[in-house]
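Student: Got a structure for you, questions after.
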Amino acid sequence: MSTFSRTISLLLAAGTGASLSAQDITCSGAELYSKPNQGVKYGRWEIRMQAAATPGSVSSFFTYFDSSYISGKPWREIDIEVLGNAPGGFQSNVILASGSNAYKAFHEMPQAVNAGFHTYLLDWTPDSVVWRVDGALIRKETRSAVVVKLQEKDQSYRMNLWSSTSPEWVGTLDLSKLPVYQVVNWMRYSTYTPGTGPKGSNFTESWVDDFNSFNANRWGKGDWTFDGNQAQFTAKNLVVKNGYLVLALTTPEAEGVTGTVPTDPQGSSYQPSGILGKGESSSAWNANATGRGIHIDGWVASNGPLEVRDVKGAQVASIRTSNSSFEVPLAHSGVYLVHSGDRTVTVVR
């Protein structure tokens with residue numbers, strides 16, 4: 001979902017949307033949306049995905065008050081957006097008024113987000129919005145001007161892959177670079193249960209979708225477009241394939257998912273992130289790549305032993321120490337899973 005004014009029809013919830021004129025549509029995209037009457041207030045969304053990126057594209061997950069596009073209605077939206085001309089990170093945003101960019105931020109990541117799978121986490125509570133990637137805290141928004149207004153409306157949750165008509169924002173689309181795919185391994189939603197979740201946490205798991213099939217009771221497929229979007233959404237560009245949900249950005253004459261779809265080195269099944277502790281996390285430690293290995297900070301013995309494994313599951317280190325900050329040396333670069341207690345962090349070195 002963009003910061004541009006939307007002109008979605010009043011029939012959007014029923015799956016029908018307004019189209020731009022034919023000359024404005026140059027490509028075909030996809031949108032996944034939670035079914036009507038499934039709007040929620042607060043929650044935790046975890047999405048394991050490899051974003052799409054080519055200049056001109058936007059690859060996203062977001063929450064959205066479904067009447068935001070109607071004149072006179074409040075706009076309420078929380079975004080994770082990968083911009084096609086800046087795949088080295090992602091944009092977080094909260095939109096409280098049509099066209100507003102007042103609360104956006106761009107976050108550089110250690111690896112291009114269209115080059116591998118990452119676990120994106122979005123927490124929405126009465127007093128904050130939190131963005132995490134692979135267990136690392138990226139942003140926490142607590143300004144009352146933001147969190148109080150967000151409380152006013154329940155929101156649906158959505159993913160889409162589209163092309164903006166604003167080259168200053170995302171670059172200029174080259175149709176010869178299509179198709180590109182946003183590939184989702186799994187998604188997990190937890191309801192907001194302050195202080196009563198597992199281990200006294202603020203969240204309780206409601207469901208996990210492993211995308212082994214398409215759950216038509218939970219999800220709908222968009223068939224609309226909106227101002228500032230040169231893609232027409234089509235169900236043909238949103239499919240479940242080999243245990244993954246795939247959103248495609250294609251030319252109109254080549255709709256569908258026909259190319260090679262990336263696969264997650266962690267496998268195609270859901271793996272818990274373990275961020276379930278009281279407040280934000282019961283395991284406050286973090287792991288970051290260094291020149292010689294992986295630096296661990298904030299670890300305590302009560303978390304249990306700390307293990308480092310490669311993407312094939314082979315253990316390369318097991319640590320028991322009284323130090324809360326230390327480095328695990330590694331001989332080779334690659335993708336590693338660092339696990340202790342109820343938390344697993346993916347580190348790319």
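Ordering of the structure tokens sets the chain letters (A, B, ...), residue numbers begin anew at 1 in every chain, and ligands are numbered from 1 in the order given.
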So that each row is one residue of segment 47-93 of chain A with an atom at most 10 Å from segment 142-160 of chain A, can you give its shortest atom pair and the distance in Å to one decimal, using only C-alpha atoms, rows by chain and rising number, as a Markdown table?

Tutor:
| residue | atom | partner | partner_atom | distance |
| --- | --- | --- | --- | --- |
| A:Val58 | CA | A:Asn160 | CA | 7.8 |
| A:Ser59 | CA | A:Asn160 | CA | 6.1 |
| A:Ser60 | CA | A:Met159 | CA | 5.3 |
| A:Phe61 | CA | A:Met159 | CA | 4.3 |
| A:Phe62 | CA | A:Arg158 | CA | 5.4 |
| A:Thr63 | CA | A:Tyr157 | CA | 4.2 |
| A:Tyr64 | CA | A:Gln155 | CA | 4.8 |
| A:Phe65 | CA | A:Gln155 | CA | 4.4 |
| A:Asp66 | CA | A:Ser156 | CA | 6.8 |
| A:Ser67 | CA | A:Gln155 | CA | 9.5 |
| A:Ser68 | CA | A:Lys153 | CA | 9.9 |
| A:Pro74 | CA | A:Lys153 | CA | 8.5 |
| A:Trp75 | CA | A:Leu150 | CA | 9.1 |
| A:Arg76 | CA | A:Leu150 | CA | 6.2 |
| A:Glu77 | CA | A:Gln155 | CA | 7.8 |
| A:Ile78 | CA | A:Leu150 | CA | 8.9 |
| A:Asp79 | CA | A:Arg158 | CA | 9.7 |
| A:Ile80 | CA | A:Met159 | CA | 9.3 |
| A:Glu81 | CA | A:Asn160 | CA | 9.5 |

Student: Applying 7 Å and only C-alpha atoms, which residues near Gln91 of chain A remain after dropping the ones on its own chain fewer than 6 positions away? List them as a list in words.

Tutor: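 Residues near the query, excluding close chain neighbours: Ile80, Glu81, Val82, Lys104, Ala105, Phe106 and His107 of chain A.
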
Student: What are the DSSP alpha helix (DSSP H) residues of segment 49-268 of chain A, as a list in words?

Tutor: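 Everything in segment 49-268 of chain A that counts as alpha helix (DSSP H) is Ser144, Ala145, Val146, Val147, Val148, Lys149, Leu150, Pro167, Glu168, Trp169 and Val170 of chain A.
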
Student: With C-alpha atoms retained, export the selected residues as an mmCIF file, in the first residue's frame.

Tutor:
data_model
loop_
_atom_site.group_PDB
_atom_site.id
_atom_site.type_symbol
_atom_site.label_atom_id
_atom_site.label_comp_id
_atom_site.auth_asym_id
_atom_site.auth_seq_id
_atom_site.Cartn_x
_atom_site.Cartn_y
_atom_site.Cartn_z
ATOM 1 C CA SER A 144 1.277 9.512 20.941
ATOM 2 C CA ALA A 145 0.369 11.351 17.741
ATOM 3 C CA VAL A 146 0.738 7.982 15.998
ATOM 4 C CA VAL A 147 -0.351 5.284 18.439
ATOM 5 C CA VAL A 148 -3.479 7.047 19.698
ATOM 6 C CA LYS A 149 -4.851 7.606 16.187
ATOM 7 C CA LEU A 150 -4.118 4.014 15.182
ATOM 8 C CA PRO A 167 10.027 7.200 -10.476
ATOM 9 C CA GLU A 168 11.337 9.606 -7.813
ATOM 10 C CA TRP A 169 10.177 7.141 -5.175
ATOM 11 C CA VAL A 170 10.907 3.695 -6.598
#

Student: Identify which of the residues A:Gln182, A:Ser268, A:Asn217, A:Ser324 lies closest to Asn237 of chain A, counting only C-alpha atoms when measuring atom-to-atom distances.

Tutor: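 Smallest separation from Asn237 of chain A among the options: A:Gln182.
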
Student: Would you list the contacts of segment 240-256 of chain A as a PyMOL selection string, taking every protein, DNA or RNA residue within 8 Å and counting only C-alpha atoms, but skipping same-chain residues closer than 6 positions in sequence?

Tutor: chain A and resi 26-31+160-162+175+178-186+210-214+231+268-269

Student: Mind listing the strand (DSSP E) residues of segment 57-271 of chain A, per DSSP on the backbone, as a ChimeraX atom specification?

Tutor: /A:57-64,77-83,89-95,105-108,118-125,128-133,136-141,156-163,180-192,203-209,219-221,231-233,238-241,244-249

Student: What are the closest atom pairs, with distances in Å to one decimal, for each residue of segment 188-276 of chain A lying within 9 Å of segment 110-116 of chain A, using only C-alpha atoms, rows by chain and rising residue number, as CSV?

Tutor:
residue,atom,partner,partner_atom,distance
A:Pro262,CA,A:Gly116,CA,8.3
A:Thr263,CA,A:Gly116,CA,8.8
A:Asp264,CA,A:Gly116,CA,7.6
A:Pro265,CA,A:Gly116,CA,8.8

Student: Only N, CA, C and O atoms, please: the residues just picked out, written as a PDB file, in the first residue's frame.

Tutor:
ATOM      1  N   PRO A 262      12.251 -18.780  -5.945  1.00  0.00           N
ATOM      2  CA  PRO A 262      13.267 -19.021  -4.915  1.00  0.00           C
ATOM      3  C   PRO A 262      12.739 -19.908  -3.799  1.00  0.00           C
ATOM      4  O   PRO A 262      11.542 -19.885  -3.480  1.00  0.00           O
ATOM      5  N   THR A 263      13.621 -20.687  -3.196  1.00  0.00           N
ATOM      6  CA  THR A 263      13.248 -21.535  -2.066  1.00  0.00           C
ATOM      7  C   THR A 263      14.066 -21.128  -0.845  1.00  0.00           C
ATOM      8  O   THR A 263      15.202 -20.664  -0.960  1.00  0.00           O
ATOM      9  N   ASP A 264      13.479 -21.318   0.309  1.00  0.00           N
ATOM     10  CA  ASP A 264      14.079 -20.909   1.577  1.00  0.00           C
ATOM     11  C   ASP A 264      15.090 -21.965   2.035  1.00  0.00           C
ATOM     12  O   ASP A 264      14.738 -23.140   2.149  1.00  0.00           O
ATOM     13  N   PRO A 265      16.344 -21.587   2.325  1.00  0.00           N
ATOM     14  CA  PRO A 265      17.324 -22.567   2.818  1.00  0.00           C
ATOM     15  C   PRO A 265      16.930 -23.199   4.141  1.00  0.00           C
ATOM     16  O   PRO A 265      17.436 -24.260   4.501  1.00  0.00           O
TER      17      PRO A 265
END

Student: Record the distance separating atom CA of Thr204 of chain A and atom CA of Val40 of chain A, expressed in Å with one decimal.

Tutor: 14.1 Å

Student: For Tyr103 of chain A, find every residue with an atom within 7 Å (counting only C-alpha atoms), except residues of its own chain fewer than 6 positions away, and show them as a list in words.

Tutor: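 Non-adjacent residues within range: Asn93, Val94 and Ile95 of chain A.
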
Student: Selected residues, N, CA and C atoms, written as an mmCIF file, in the first residue's frame, please.

Tutor:
data_model
loop_
_atom_site.group_PDB
_atom_site.id
_atom_site.type_symbol
_atom_site.label_atom_id
_atom_site.label_comp_id
_atom_site.auth_asym_id
_atom_site.auth_seq_id
_atom_site.Cartn_x
_atom_site.Cartn_y
_atom_site.Cartn_z
ATOM 1 N N ASN A 93 6.540 2.529 7.632
ATOM 2 C CA ASN A 93 5.724 3.732 7.526
ATOM 3 C C ASN A 93 4.425 3.551 8.295
ATOM 4 N N VAL A 94 3.941 4.634 8.859
ATOM 5 C CA VAL A 94 2.588 4.710 9.393
ATOM 6 C C VAL A 94 1.899 5.855 8.665
ATOM 7 N N ILE A 95 0.732 5.585 8.079
ATOM 8 C CA ILE A 95 -0.006 6.605 7.344
ATOM 9 C C ILE A 95 -1.282 6.933 8.112
#

Student: With distances taken over only C-alpha atoms, which residue among A:Gly313, A:Leu121, A:Lys236, A:Asp209 lies nearest Thr258 of chain A?

Tutor: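 Looking at the shortest contact to Thr258 of chain A, the residue is A:Lys236.
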
Student: Just want the 6 Å neighbourhood of segment 188-200 of chain A, counted on only C-alpha atoms, with same-chain residues fewer than 4 positions away dropped. Output as an NGL selection string.

Tutor: :A and (42-46 or 204-208 or 278)

Student: What would the file look like if the residues just selected were written as a short mmCIF file (atom, residue, chain, number, x, y, z; two decimals), in the first residue's frame with N, CA, C and O atoms?

Tutor:
data_model
loop_
_atom_site.label_atom_id
_atom_site.label_comp_id
_atom_site.auth_asym_id
_atom_site.auth_seq_id
_atom_site.Cartn_x
_atom_site.Cartn_y
_atom_site.Cartn_z
N TYR A 42 -4.76 -4.38 16.99
CA TYR A 42 -3.54 -4.87 17.64
C TYR A 42 -3.23 -6.31 17.20
O TYR A 42 -4.06 -7.02 16.64
N GLY A 43 -2.01 -6.69 17.43
CA GLY A 43 -1.59 -8.04 17.10
C GLY A 43 -0.13 -8.10 16.71
O GLY A 43 0.59 -7.09 16.70
N ARG A 44 0.30 -9.31 16.41
CA ARG A 44 1.67 -9.57 15.95
C ARG A 44 1.59 -10.37 14.66
O ARG A 44 0.94 -11.41 14.59
N TRP A 45 2.24 -9.85 13.64
CA TRP A 45 2.34 -10.54 12.36
C TRP A 45 3.80 -10.91 12.11
O TRP A 45 4.68 -10.05 12.19
N GLU A 46 4.05 -12.15 11.78
CA GLU A 46 5.39 -12.61 11.40
C GLU A 46 5.28 -13.19 9.99
O GLU A 46 4.44 -14.06 9.74
N THR A 204 -0.55 -14.11 21.98
CA THR A 204 -0.91 -15.53 21.96
C THR A 204 -1.18 -15.94 20.52
O THR A 204 -1.99 -15.30 19.83
N GLU A 205 -0.50 -16.99 20.08
CA GLU A 205 -0.65 -17.43 18.69
C GLU A 205 -2.10 -17.75 18.37
O GLU A 205 -2.78 -18.46 19.10
N SER A 206 -2.59 -17.21 17.24
CA SER A 206 -3.94 -17.48 16.76
C SER A 206 -3.92 -18.51 15.64
O SER A 206 -4.71 -19.44 15.63
N TRP A 207 -3.01 -18.32 14.67
CA TRP A 207 -2.90 -19.28 13.57
C TRP A 207 -1.55 -19.12 12.86
O TRP A 207 -0.90 -18.09 12.96
N VAL A 208 -1.17 -20.17 12.14
CA VAL A 208 -0.01 -20.16 11.26
C VAL A 208 -0.48 -20.65 9.90
O VAL A 208 -1.18 -21.66 9.80
N LYS A 278 7.80 -11.63 27.84
CA LYS A 278 7.00 -10.56 28.41
C LYS A 278 7.43 -9.23 27.80
O LYS A 278 8.61 -8.95 27.65
#

Student: Rounded to one decimal in Å, what is the spacing between atom CA of Ser325 of chain A and atom CA of Gly298 of chain A?

Tutor: 6.0 Å
